[in-house]
>>> print(open('work-v8.txt').read())   # compact mmCIF, C-alpha atoms and all ligand atoms
# COMPACT_ATOMS: atom_id res chain seq x y z
CA MET A 617 -154.50 -110.49 57.71
CA ASN A 618 -152.46 -113.63 57.33
CA PHE A 619 -152.47 -116.91 55.41
CA GLN A 620 -154.83 -118.58 57.87
CA THR A 621 -157.45 -115.82 57.86
CA ILE A 622 -157.52 -115.66 54.07
CA PHE A 623 -157.43 -119.41 53.41
CA ASN A 624 -159.96 -120.98 55.84
CA ASN A 625 -157.61 -121.53 58.77
CA LYS A 626 -155.25 -123.69 56.77
CA SER A 627 -151.52 -123.37 57.41
CA PRO A 628 -148.94 -122.79 54.70
CA GLU A 629 -146.64 -125.68 53.79
CA VAL A 630 -143.67 -123.57 52.62
CA GLU A 631 -142.37 -120.04 52.68
CA ALA A 632 -139.91 -118.39 50.27
CA LEU A 633 -138.29 -114.99 49.87
CA ALA A 634 -136.68 -113.03 47.05
CA PRO A 635 -135.22 -109.50 47.02
CA GLY A 636 -135.75 -106.54 44.70
CA ARG A 637 -132.69 -105.18 42.91
CA VAL A 638 -131.06 -101.93 41.97
CA ASN A 639 -128.88 -101.69 38.91
CA LEU A 640 -125.62 -99.75 39.34
CA LEU A 641 -124.62 -99.69 35.68
CA GLY A 642 -125.65 -101.34 32.42
CA GLU A 643 -129.12 -100.01 31.68
CA HIS A 644 -131.10 -101.20 28.66
CA THR A 645 -128.20 -103.47 27.75
CA ASP A 646 -129.66 -106.84 28.80
CA TYR A 647 -131.99 -107.25 25.81
CA ASN A 648 -129.00 -106.37 23.62
CA ASP A 649 -127.03 -109.36 24.96
CA GLY A 650 -124.88 -106.93 26.94
CA PHE A 651 -123.45 -106.48 30.43
CA VAL A 652 -125.21 -105.44 33.64
CA LEU A 653 -124.15 -104.72 37.21
CA PRO A 654 -127.06 -105.00 39.67
CA THR A 655 -127.10 -105.66 43.40
CA ALA A 656 -129.93 -106.87 45.64
CA ILE A 657 -131.75 -104.37 47.86
CA PRO A 658 -132.77 -105.18 51.46
CA GLN A 659 -136.49 -105.13 50.60
CA LYS A 660 -137.95 -108.55 49.88
CA THR A 661 -141.07 -110.29 48.72
CA ALA A 662 -142.27 -113.21 50.83
CA VAL A 663 -144.70 -115.86 49.67
CA GLN A 664 -146.35 -118.58 51.69
CA ILE A 665 -147.86 -121.51 49.83
CA GLY A 666 -150.11 -124.40 50.85
CA PHE A 667 -152.19 -126.92 48.90
CA SER A 668 -155.68 -125.86 47.84
CA ASP A 669 -158.53 -128.33 48.25
CA ASP A 670 -161.09 -126.96 45.80
CA GLY A 671 -159.20 -127.53 42.55
CA LEU A 672 -158.47 -123.80 42.10
CA TYR A 673 -155.39 -121.66 42.60
CA HIS A 674 -155.92 -118.77 45.00
CA PHE A 675 -153.54 -115.81 45.21
CA TYR A 676 -153.77 -113.06 47.79
CA SER A 677 -151.66 -109.91 47.90
CA GLU A 678 -151.56 -108.31 51.33
CA ASP A 679 -150.16 -105.08 49.93
CA LEU A 680 -152.89 -104.69 47.32
CA ASN A 681 -155.52 -106.36 49.52
CA GLU A 682 -156.59 -108.29 46.50
CA ARG A 683 -157.51 -111.89 45.89
CA VAL A 684 -157.60 -113.71 42.57
CA ASP A 685 -159.01 -117.22 42.03
CA ILE A 686 -157.86 -119.14 39.02
CA GLY A 687 -158.87 -122.43 37.39
CA GLU A 688 -156.38 -124.94 35.98
CA ASP A 689 -156.54 -123.41 32.52
CA GLY A 690 -156.68 -119.71 33.21
CA PHE A 691 -158.51 -116.90 34.90
CA ARG A 692 -162.11 -117.64 35.90
CA THR A 693 -164.89 -115.47 34.61
CA GLY A 694 -165.46 -112.71 37.10
CA SER A 695 -161.88 -112.65 38.25
CA MET A 696 -160.14 -111.44 35.10
CA PRO A 697 -157.18 -109.48 36.34
CA THR A 698 -157.64 -105.76 36.27
CA LEU A 699 -154.56 -103.59 35.85
CA GLN A 700 -154.12 -103.67 39.63
CA SER A 701 -154.20 -107.40 39.88
CA GLN A 702 -151.48 -107.72 37.27
CA PHE A 703 -149.71 -109.45 40.17
CA ALA A 704 -151.73 -112.60 39.48
CA SER A 705 -150.46 -112.85 35.92
CA TYR A 706 -146.86 -113.13 37.16
CA ILE A 707 -147.77 -116.07 39.39
CA PHE A 708 -150.02 -117.69 36.82
CA GLY A 709 -147.20 -117.25 34.28
CA CYS A 710 -144.75 -119.09 36.55
CA ILE A 711 -147.18 -122.00 36.94
CA GLN A 712 -147.77 -122.18 33.19
CA VAL A 713 -144.06 -122.13 32.34
CA LEU A 714 -143.47 -125.05 34.73
CA LYS A 715 -146.44 -126.99 33.39
CA GLN A 716 -145.20 -126.56 29.84
CA LEU A 717 -141.92 -128.10 30.93
CA GLY A 718 -143.88 -131.16 32.04
CA TYR A 719 -144.09 -130.55 35.78
CA THR A 720 -147.34 -131.28 37.58
CA ILE A 721 -148.25 -128.27 39.67
CA LEU A 722 -151.33 -129.04 41.74
CA PRO A 723 -153.58 -126.13 42.76
CA PHE A 724 -152.34 -124.12 45.73
CA ASN A 725 -153.06 -121.10 47.90
CA LEU A 726 -150.42 -118.39 47.80
CA TYR A 727 -150.13 -115.42 50.16
CA ILE A 728 -147.85 -112.50 49.28
CA LYS A 729 -146.37 -109.85 51.50
CA SER A 730 -143.75 -107.55 50.04
CA SER A 731 -141.60 -104.63 51.08
CA VAL A 732 -140.23 -104.09 47.57
CA PRO A 733 -141.65 -100.76 46.36
CA MET A 734 -143.89 -101.14 43.33
CA GLY A 735 -143.45 -98.98 40.24
CA SER A 736 -140.05 -97.56 41.25
CA GLY A 737 -137.88 -99.63 38.93
CA LEU A 738 -136.65 -101.92 41.71
CA SER A 739 -138.06 -105.12 40.23
CA SER A 740 -140.99 -105.91 42.45
CA SER A 741 -142.30 -108.17 39.68
CA ALA A 742 -139.05 -110.17 39.43
CA ALA A 743 -139.02 -110.53 43.23
CA LEU A 744 -142.55 -111.91 43.12
CA GLU A 745 -141.76 -114.33 40.30
CA VAL A 746 -138.55 -115.58 41.91
CA ALA A 747 -140.15 -115.95 45.35
CA THR A 748 -143.08 -117.81 43.77
CA LEU A 749 -140.81 -120.17 41.84
CA ARG A 750 -138.66 -120.79 44.91
CA GLY A 751 -141.78 -121.62 46.92
CA ILE A 752 -143.12 -123.94 44.20
CA ARG A 753 -139.71 -125.63 43.90
CA GLN A 754 -139.80 -126.37 47.60
CA LEU A 755 -143.44 -127.46 47.71
CA PHE A 756 -143.14 -129.88 44.79
CA ASN A 757 -139.48 -130.74 45.26
CA LEU A 758 -138.58 -129.70 41.72
CA PRO A 759 -135.03 -130.27 40.42
CA ILE A 760 -134.50 -126.72 39.16
CA ASN A 761 -131.53 -124.47 39.89
CA ASP A 762 -131.30 -120.73 40.56
CA VAL A 763 -130.40 -119.80 36.99
CA GLU A 764 -133.38 -121.79 35.70
CA ILE A 765 -135.57 -120.00 38.22
CA ALA A 766 -134.45 -116.69 36.69
CA GLN A 767 -135.04 -117.98 33.17
CA PHE A 768 -138.52 -119.33 33.96
CA ALA A 769 -139.38 -116.08 35.73
CA GLN A 770 -138.36 -114.09 32.66
CA GLN A 771 -140.47 -116.33 30.42
CA ALA A 772 -143.44 -115.85 32.73
CA GLU A 773 -143.04 -112.09 32.51
CA ILE A 774 -142.65 -112.01 28.72
CA ASN A 775 -145.40 -114.51 27.87
CA TYR A 776 -147.98 -113.85 30.56
CA ALA A 777 -147.40 -110.30 31.80
CA HIS A 778 -146.49 -109.19 28.24
CA VAL A 779 -143.40 -107.19 29.11
CA GLN A 780 -140.56 -107.84 26.64
CA CYS A 781 -137.97 -107.64 29.43
CA GLY A 782 -134.38 -108.87 29.45
CA ILE A 783 -133.05 -111.25 32.11
CA MET A 784 -131.24 -108.85 34.45
CA ASP A 785 -133.97 -108.42 37.06
CA GLN A 786 -134.73 -112.09 37.48
CA MET A 787 -131.03 -113.07 37.60
CA ALA A 788 -130.39 -110.35 40.19
CA SER A 789 -133.34 -111.41 42.33
CA SER A 790 -132.35 -115.07 42.11
CA LEU A 791 -128.56 -114.74 42.49
CA ALA A 792 -127.53 -111.41 44.00
CA ASP A 793 -127.18 -110.31 47.61
CA THR A 794 -126.98 -106.88 49.21
CA LYS A 795 -123.22 -106.99 49.87
CA HIS A 796 -122.12 -107.70 46.33
CA MET A 797 -122.61 -106.65 42.74
CA LEU A 798 -123.52 -109.26 40.18
CA PHE A 799 -121.55 -108.69 37.00
CA LEU A 800 -123.53 -110.57 34.39
CA ASP A 801 -122.97 -111.24 30.72
CA THR A 802 -126.59 -111.53 29.61
CA ARG A 803 -125.65 -113.44 26.44
CA THR A 804 -123.80 -116.33 28.06
CA LEU A 805 -125.14 -115.86 31.61
CA GLU A 806 -121.52 -116.00 32.77
CA ARG A 807 -121.27 -114.02 35.96
CA ARG A 808 -118.94 -112.84 38.64
CA VAL A 809 -119.85 -111.76 42.14
CA LEU A 810 -117.86 -108.69 43.16
CA PRO A 811 -117.81 -106.75 46.43
CA LEU A 812 -119.46 -103.34 46.35
CA PRO A 813 -116.90 -100.56 45.79
CA ARG A 814 -114.93 -100.20 49.02
CA GLY A 815 -115.73 -97.12 51.12
CA ALA A 816 -119.06 -96.44 49.45
CA SER A 817 -122.74 -97.14 50.05
CA ILE A 818 -125.73 -97.20 47.82
CA LEU A 819 -128.48 -94.63 48.10
CA VAL A 820 -131.75 -95.15 46.28
CA ILE A 821 -134.25 -92.30 46.14
CA ASP A 822 -137.59 -92.54 44.39
CA SER A 823 -138.53 -89.50 42.30
CA GLY A 824 -142.20 -89.86 43.22
CA VAL A 825 -143.00 -89.77 39.51
CA PRO A 826 -144.83 -92.92 38.43
CA ARG A 827 -143.45 -94.76 35.42
CA THR A 828 -145.98 -93.78 32.80
CA LEU A 829 -145.30 -94.97 29.25
CA ALA A 830 -142.78 -97.45 30.61
CA GLY A 831 -144.39 -100.39 28.79
CA SER A 832 -144.77 -98.85 25.35
CA GLY A 833 -141.54 -96.82 25.51
CA TYR A 834 -139.61 -99.90 26.63
CA ASN A 835 -140.86 -102.13 23.83
CA GLN A 836 -140.23 -99.36 21.30
CA ARG A 837 -136.59 -98.95 22.44
CA ARG A 838 -136.12 -102.67 22.20
CA ALA A 839 -137.44 -102.72 18.63
CA GLU A 840 -135.15 -99.81 17.69
CA CYS A 841 -132.12 -101.68 19.03
CA GLU A 842 -133.05 -104.79 17.04
CA GLU A 843 -133.39 -102.70 13.90
CA ALA A 844 -130.02 -101.04 14.52
CA ALA A 845 -128.35 -104.43 15.01
CA GLN A 846 -129.88 -105.70 11.80
CA ILE A 847 -128.64 -102.72 9.77
CA LEU A 848 -125.16 -103.12 11.26
CA GLY A 849 -125.22 -106.82 10.41
CA VAL A 850 -124.68 -108.07 13.96
CA LYS A 851 -126.68 -110.51 16.06
CA ALA A 852 -127.13 -107.94 18.82
CA LEU A 853 -125.72 -104.51 19.68
CA ARG A 854 -123.46 -106.26 22.16
CA ASP A 855 -121.36 -107.26 19.16
CA VAL A 856 -120.45 -103.64 18.45
CA THR A 857 -117.66 -102.36 20.67
CA ASP A 858 -116.33 -99.50 18.56
CA VAL A 859 -118.80 -96.66 18.97
CA SER A 860 -117.84 -95.01 15.66
CA ARG A 861 -119.64 -97.87 13.87
CA VAL A 862 -123.04 -96.51 14.90
CA GLU A 863 -122.45 -93.15 13.18
CA THR A 864 -123.84 -94.34 9.84
CA LEU A 865 -127.21 -95.31 11.33
CA PRO A 866 -130.28 -93.10 10.72
CA GLU A 867 -131.73 -91.29 13.75
CA PRO A 868 -133.02 -92.23 16.26
CA LEU A 869 -131.26 -95.59 15.80
CA ARG A 870 -127.82 -93.92 15.93
CA LYS A 871 -128.51 -92.44 19.37
CA ARG A 872 -130.08 -95.61 20.73
CA ALA A 873 -127.19 -97.77 19.56
CA ARG A 874 -124.65 -95.27 20.85
CA HIS A 875 -126.17 -95.55 24.32
CA VAL A 876 -126.00 -99.34 24.29
CA VAL A 877 -122.42 -99.51 23.00
CA THR A 878 -121.09 -96.89 25.42
CA GLU A 879 -123.08 -98.34 28.34
CA ASN A 880 -121.61 -101.81 27.79
CA ASN A 881 -118.15 -100.25 27.75
CA ARG A 882 -118.93 -98.39 30.99
CA VAL A 883 -119.83 -101.63 32.76
CA LEU A 884 -116.55 -103.22 31.65
CA GLU A 885 -114.62 -100.16 32.83
CA ALA A 886 -116.39 -100.23 36.20
CA ILE A 887 -115.40 -103.86 36.70
CA GLN A 888 -111.77 -102.97 36.01
CA ILE A 889 -111.97 -100.15 38.56
CA VAL A 890 -113.43 -102.36 41.28
CA GLU A 891 -110.98 -105.16 40.61
CA THR A 892 -107.97 -102.88 40.85
CA GLN A 893 -109.25 -100.81 43.78
CA ASP A 894 -106.73 -100.78 46.62
CA GLU A 895 -106.35 -99.05 49.99
CA THR A 896 -104.25 -96.15 48.74
CA ARG A 897 -106.33 -95.24 45.70
CA HIS A 898 -109.82 -96.05 46.85
CA VAL A 899 -111.25 -92.52 46.74
CA SER A 900 -110.09 -91.93 43.19
CA SER A 901 -111.55 -95.32 42.24
CA LEU A 902 -114.89 -94.30 43.70
CA GLN A 903 -114.76 -91.04 41.80
CA LYS A 904 -114.08 -92.87 38.56
CA PHE A 905 -116.90 -95.32 39.22
CA GLY A 906 -119.17 -92.36 39.98
CA GLU A 907 -118.20 -90.61 36.75
CA LEU A 908 -119.30 -93.69 34.85
CA MET A 909 -122.68 -93.51 36.60
CA ASN A 910 -123.00 -89.81 35.72
CA ALA A 911 -122.11 -90.55 32.10
CA SER A 912 -124.69 -93.34 32.09
CA HIS A 913 -127.39 -90.92 33.18
CA ALA A 914 -126.45 -88.40 30.48
CA SER A 915 -126.58 -91.16 27.89
CA LEU A 916 -129.96 -92.43 29.10
CA ARG A 917 -131.27 -88.86 29.04
CA ASP A 918 -129.84 -87.63 25.73
CA ASP A 919 -129.34 -90.72 23.59
CA TYR A 920 -131.77 -93.28 24.92
CA GLU A 921 -134.37 -90.65 25.93
CA VAL A 922 -135.85 -92.59 28.84
CA SER A 923 -135.46 -89.93 31.52
CA VAL A 924 -138.10 -87.41 32.62
CA PRO A 925 -137.55 -83.86 33.97
CA ALA A 926 -138.06 -84.87 37.61
CA LEU A 927 -135.42 -87.61 37.38
CA ASP A 928 -133.00 -85.15 35.76
CA ILE A 929 -133.55 -82.66 38.60
CA LEU A 930 -133.06 -85.30 41.28
CA VAL A 931 -129.93 -86.70 39.62
CA ASP A 932 -128.51 -83.20 39.16
CA ILE A 933 -129.04 -82.40 42.86
CA LEU A 934 -127.43 -85.69 43.86
CA GLN A 935 -124.44 -85.17 41.58
CA LYS A 936 -123.82 -81.72 43.08
CA THR A 937 -124.03 -82.85 46.70
CA PRO A 938 -120.70 -83.36 48.53
CA GLY A 939 -120.13 -87.00 49.40
CA VAL A 940 -121.89 -88.26 46.26
CA PHE A 941 -119.50 -89.97 43.83
CA GLY A 942 -122.07 -90.46 41.08
CA ALA A 943 -125.80 -90.75 40.43
CA ARG A 944 -128.20 -91.78 37.70
CA LEU A 945 -131.69 -93.03 37.04
CA THR A 946 -132.04 -96.77 37.55
CA GLY A 947 -134.26 -99.37 35.93
CA ALA A 948 -136.19 -98.80 32.73
CA GLY A 949 -136.67 -95.05 33.33
CA PHE A 950 -139.73 -92.94 32.39
CA GLY A 951 -140.04 -92.17 36.14
CA GLY A 952 -139.14 -94.28 39.18
CA ALA A 953 -135.95 -94.21 41.21
CA THR A 954 -132.37 -92.96 41.14
CA VAL A 955 -129.28 -94.74 42.42
CA ALA A 956 -126.23 -92.98 43.83
CA LEU A 957 -122.85 -94.11 45.10
CA VAL A 958 -122.10 -92.15 48.27
CA ALA A 959 -119.47 -91.99 50.99
CA GLN A 960 -120.08 -94.64 53.65
CA GLY A 961 -121.65 -93.20 56.79
CA GLU A 962 -122.95 -90.11 54.95
CA GLU A 963 -126.11 -91.74 53.59
CA SER A 964 -128.65 -90.11 55.96
CA ASN A 965 -127.08 -86.64 55.76
CA ILE A 966 -126.96 -86.72 52.02
CA ALA A 967 -130.50 -88.06 51.69
CA THR A 968 -131.91 -85.33 53.95
CA LYS A 969 -130.16 -82.53 52.04
CA VAL A 970 -131.09 -83.91 48.65
CA LEU A 971 -134.73 -84.53 49.50
CA GLU A 972 -135.12 -81.05 50.94
CA LYS A 973 -133.89 -79.46 47.72
CA TYR A 974 -135.77 -81.85 45.46
CA ASN A 975 -139.08 -81.43 47.26
CA ASN A 976 -138.78 -77.65 46.74
CA TYR A 977 -139.48 -78.37 43.09
CA GLY A 978 -142.95 -79.57 44.08
CA HIS A 979 -142.12 -83.27 44.02
CA THR A 980 -142.28 -85.84 46.79
CA GLY A 981 -139.09 -87.84 46.79
CA ASN A 982 -138.72 -90.87 48.99
CA LEU A 983 -135.61 -92.52 50.42
CA LEU A 984 -135.79 -96.24 49.65
CA VAL A 985 -132.32 -97.64 50.34
CA GLY A 986 -129.48 -96.23 52.46
CA GLY A 987 -129.55 -94.01 55.52
C1 LIG A 1001 -136.43 -103.34 33.17
C2 LIG A 1001 -136.32 -104.73 32.52
C3 LIG A 1001 -134.86 -105.20 32.51
C4 LIG A 1001 -133.94 -104.15 31.90
C5 LIG A 1001 -134.19 -102.78 32.54
C6 LIG A 1001 -133.43 -101.68 31.85
O1 LIG A 1001 -136.10 -103.41 34.53
O2 LIG A 1001 -137.11 -105.66 33.22
O3 LIG A 1001 -134.78 -106.42 31.80
O4 LIG A 1001 -134.06 -104.11 30.51
O5 LIG A 1001 -135.57 -102.43 32.51
O6 LIG A 1001 -132.06 -101.85 32.02
>>> encode(input="work-v8.txt", output="structure tokens", more="lines below")
Ligand code: GLA
Amino acid sequence: MNFQTIFNNKSPEVEALAPGRVNLLGEHTDYNDGFVLPTAIPQKTAVQIGFSDDGLYHFYSEDLNERVDIGEDGFRTGSMPTLQSQFASYIFGCIQVLKQLGYTILPFNLYIKSSVPMGSGLSSSAALEVATLRGIRQLFNLPINDVEIAQFAQQAEINYAHVQCGIMDQMASSLADTKHMLFLDTRTLERRVLPLPRGASILVIDSGVPRTLAGSGYNQRRAECEEAAQILGVKALRDVTDVSRVETLPEPLRKRARHVVTENNRVLEAIQIVETQDETRHVSSLQKFGELMNASHASLRDDYEVSVPALDILVDILQKTPGVFGARLTGAGFGGATVALVAQGEESNIATKVLEKYNNYGHTGNLLVGG
């Protein structure tokens, strides 16, 4: 299949790409105005777009082998998106956000092909939104910058795909690359691009456990954080830096807030480590960075309660494997993938050993990045 076969032999006018992301530290901090540290992964989503001549928008996903046809004002009868064709709501959301800003977005045909794994916590939805907005920007020559692309993508996801997400994924997809980490203050959107820790590589392994409950659990955690901030009299949990302040909160708010406060502090510590890393001390820097990742996992498991047994097993195996500096779950949790910082050149060896042990527990892990 390709654009021409799906869309009556017409050729696309433009093509755009956007990567998925993996977050190294700073989980569940972005909707608390906090700090995050993602990097782009090599897997990308590609969209091709060309004008449509029947007054309708047509979206086709090669990976889902699914087509959705949409009128100017919404989904046509008969093509209401099912859970599977959720993909169409991300694209439709992007179009709507732009239209509400006053841009004229004439109907188009859009063809998607993606290598970003879906449902692993690697932001396949942000990659689709950002690629779509990049393609539309090019097709209609819109004067929008990369930060606005991330912001519009987030609005599309919140208002049309109904996920109350923060802005990390869209900023990472729009601004990060695979060689650097994007240190982002999600309140001010101030950011710094930093090299990945010297001497280390990133290994991403999927647990094979789908992210059930991710939507409801995510929105519930978000509401708990907002309640905790309100009780503490701050705008957002980002404004609490001294962790002892959360001790007066009732459970589970105390635990949730403790995760957010300590996680923000871990990101700031990691930045310090990377910025002061030098030739002579680089192994100890990697170990310190890894310890922060391990502590992040424990906090996500015990305080934020977004891990699942399979992720805990996989992370435990990773943490005990020589050559691994640190490991944790990545993304929203409730299933999905793990991220580990490992010695450069050891990726394949480590992945093979870890997967062998993990699969003995009756799971099917999958190496997604590294090796
Ligand atoms: C999802 C959301 C992000 C962020 C992470 C958790 O990926 O889309 O905004 O909240 O979960 O860190």
>>> closest_residue(input="work-v8.txt", among="A:Leu819, A:Ser901, A:Glu764, A:Asn965", to="A:Ala943", atoms="only C-alpha atoms")
A:Leu819
>>> residues_near_ligand(input="work-v8.txt", ligand="ligand LIG 1001 (chain A)", cutoff="8 Å", atoms="only C-alpha atoms and all ligand atoms", output="ChimeraX atom specification")
/A:639,642-647,652,737-739,742,779-785,834,946-949
>>> closest_residue(input="work-v8.txt", among="A:Arg870, A:Lys660, A:His875, A:His913", to="A:Thr954", atoms="all atoms listed in the file")
A:His913
>>> residues_around(input="work-v8.txt", residues="A:Arg861", least_positions_apart="5", cutoff="9 Å", atoms="all atoms listed in the file", output="VMD selection string")
chain A and resid 848 856 874
>>> closest_residue(input="work-v8.txt", among="A:Val931, A:Ala792, A:Leu908, A:Leu640", to="A:Thr878", atoms="all atoms listed in the file")
A:Leu908
>>> atom_distance(input="work-v8.txt", atom1="atom CA of A:Ala656", atom2="atom CA of A:Ser736")
14.4 Å
>>> residues_around(input="work-v8.txt", residues="A:Ile665", least_positions_apart="2", cutoff="6 Å", atoms="only C-alpha atoms", output="PyMOL selection string")
chain A and resi 628-630+725-726
>>> axis_aligned_box(input="work-v8.txt", around="stretch 739-752 of chain A", padding_each_side="8 Å", output="AutoDock Vina command-line options")
--center_x -140.6 --center_y -114.5 --center_z 43.2 --size_x 21.1 --size_y 34.8 --size_z 23.5
>>> closest_residue(input="work-v8.txt", among="A:Arg944, A:Arg683, A:Lys626, A:Arg814", to="A:Val638", atoms="only C-alpha atoms")
A:Arg944
>>> closest_residue(input="work-v8.txt", among="A:Pro635, A:Gly751, A:Gly833, A:Pro866", to="A:Cys710", atoms="all atoms listed in the file")
A:Gly751
>>> closest_residue(input="work-v8.txt", among="A:Leu805, A:Ala845, A:Tyr719, A:Leu902", to="A:Gly939", atoms="all atoms listed in the file")
A:Leu902
>>> atom_distance(input="work-v8.txt", atom1="atom CA of A:Ala886", atom2="atom CA of A:Lys904")
8.1 Å
>>> atom_distance(input="work-v8.txt", atom1="atom CA of A:Val985", atom2="atom CA of A:Val877")
29.1 Å
>>> residues_around(input="work-v8.txt", residues="A:Gln903", least_positions_apart="3", cutoff="8 Å", atoms="only C-alpha atoms", output="PyMOL selection string")
chain A and resi 899-900+906-907+941-942
>>> residues_around(input="work-v8.txt", residues="A:Asp918", least_positions_apart="2", cutoff="12 Å", atoms="only C-alpha atoms", output="list in words")
Pro868, Arg870, Lys871, Arg872, Arg874, His875, Ala911, Ser912, His913, Ala914, Ser915, Leu916, Tyr920, Glu921, Val922, Ser923, Val924, Pro925 and Asp928 of chain A
>>> residues_around(input="work-v8.txt", residues="A:Thr857", least_positions_apart="4", cutoff="12 Å", atoms="only C-alpha atoms", output="PyMOL selection string")
chain A and resi 650+850+852-853+861-862+873-882+884
>>> residues_near_point(input="work-v8.txt", point="(-146.3, -121.5, 32.3)", cutoff="12 Å", atoms="all atoms listed in the file", output="MDAnalysis selection string")
chainID A and resid 688:690 705:721 745 749 767:777
>>> build_atoms(input="work-v8.txt", residues="stretch 778-791 of chain A", atoms="N, CA and C atoms", output="short mmCIF file (atom, residue, chain, number, x, y, z; two decimals), in the coordinates of the input")
data_model
loop_
_atom_site.label_atom_id
_atom_site.label_comp_id
_atom_site.auth_asym_id
_atom_site.auth_seq_id
_atom_site.Cartn_x
_atom_site.Cartn_y
_atom_site.Cartn_z
N HIS A 778 -146.67 -109.93 29.50
CA HIS A 778 -146.49 -109.19 28.24
C HIS A 778 -145.55 -108.01 28.35
N VAL A 779 -144.46 -108.19 29.08
CA VAL A 779 -143.40 -107.19 29.11
C VAL A 779 -142.18 -107.84 28.46
N GLN A 780 -141.68 -107.23 27.40
CA GLN A 780 -140.56 -107.84 26.64
C GLN A 780 -139.24 -107.61 27.36
N CYS A 781 -139.14 -108.00 28.63
CA CYS A 781 -137.97 -107.64 29.43
C CYS A 781 -136.75 -108.52 29.10
N GLY A 782 -135.58 -108.05 29.52
CA GLY A 782 -134.38 -108.87 29.45
C GLY A 782 -134.33 -109.76 30.69
N ILE A 783 -133.12 -110.29 30.99
CA ILE A 783 -133.05 -111.25 32.11
C ILE A 783 -132.38 -110.69 33.36
N MET A 784 -131.97 -109.40 33.30
CA MET A 784 -131.24 -108.85 34.45
C MET A 784 -132.00 -108.97 35.77
N ASP A 785 -133.25 -108.52 35.79
CA ASP A 785 -133.97 -108.42 37.06
C ASP A 785 -134.13 -109.78 37.73
N GLN A 786 -134.49 -110.77 36.92
CA GLN A 786 -134.73 -112.09 37.48
C GLN A 786 -133.42 -112.74 37.93
N MET A 787 -132.34 -112.52 37.17
CA MET A 787 -131.03 -113.07 37.60
C MET A 787 -130.59 -112.39 38.89
N ALA A 788 -130.81 -111.08 38.98
CA ALA A 788 -130.39 -110.35 40.19
C ALA A 788 -131.20 -110.84 41.39
N SER A 789 -132.50 -110.98 41.21
CA SER A 789 -133.34 -111.41 42.33
C SER A 789 -132.97 -112.83 42.75
N SER A 790 -132.63 -113.67 41.79
CA SER A 790 -132.35 -115.07 42.11
C SER A 790 -130.92 -115.27 42.63
N LEU A 791 -129.96 -114.44 42.18
CA LEU A 791 -128.56 -114.74 42.49
C LEU A 791 -127.79 -113.69 43.27
#
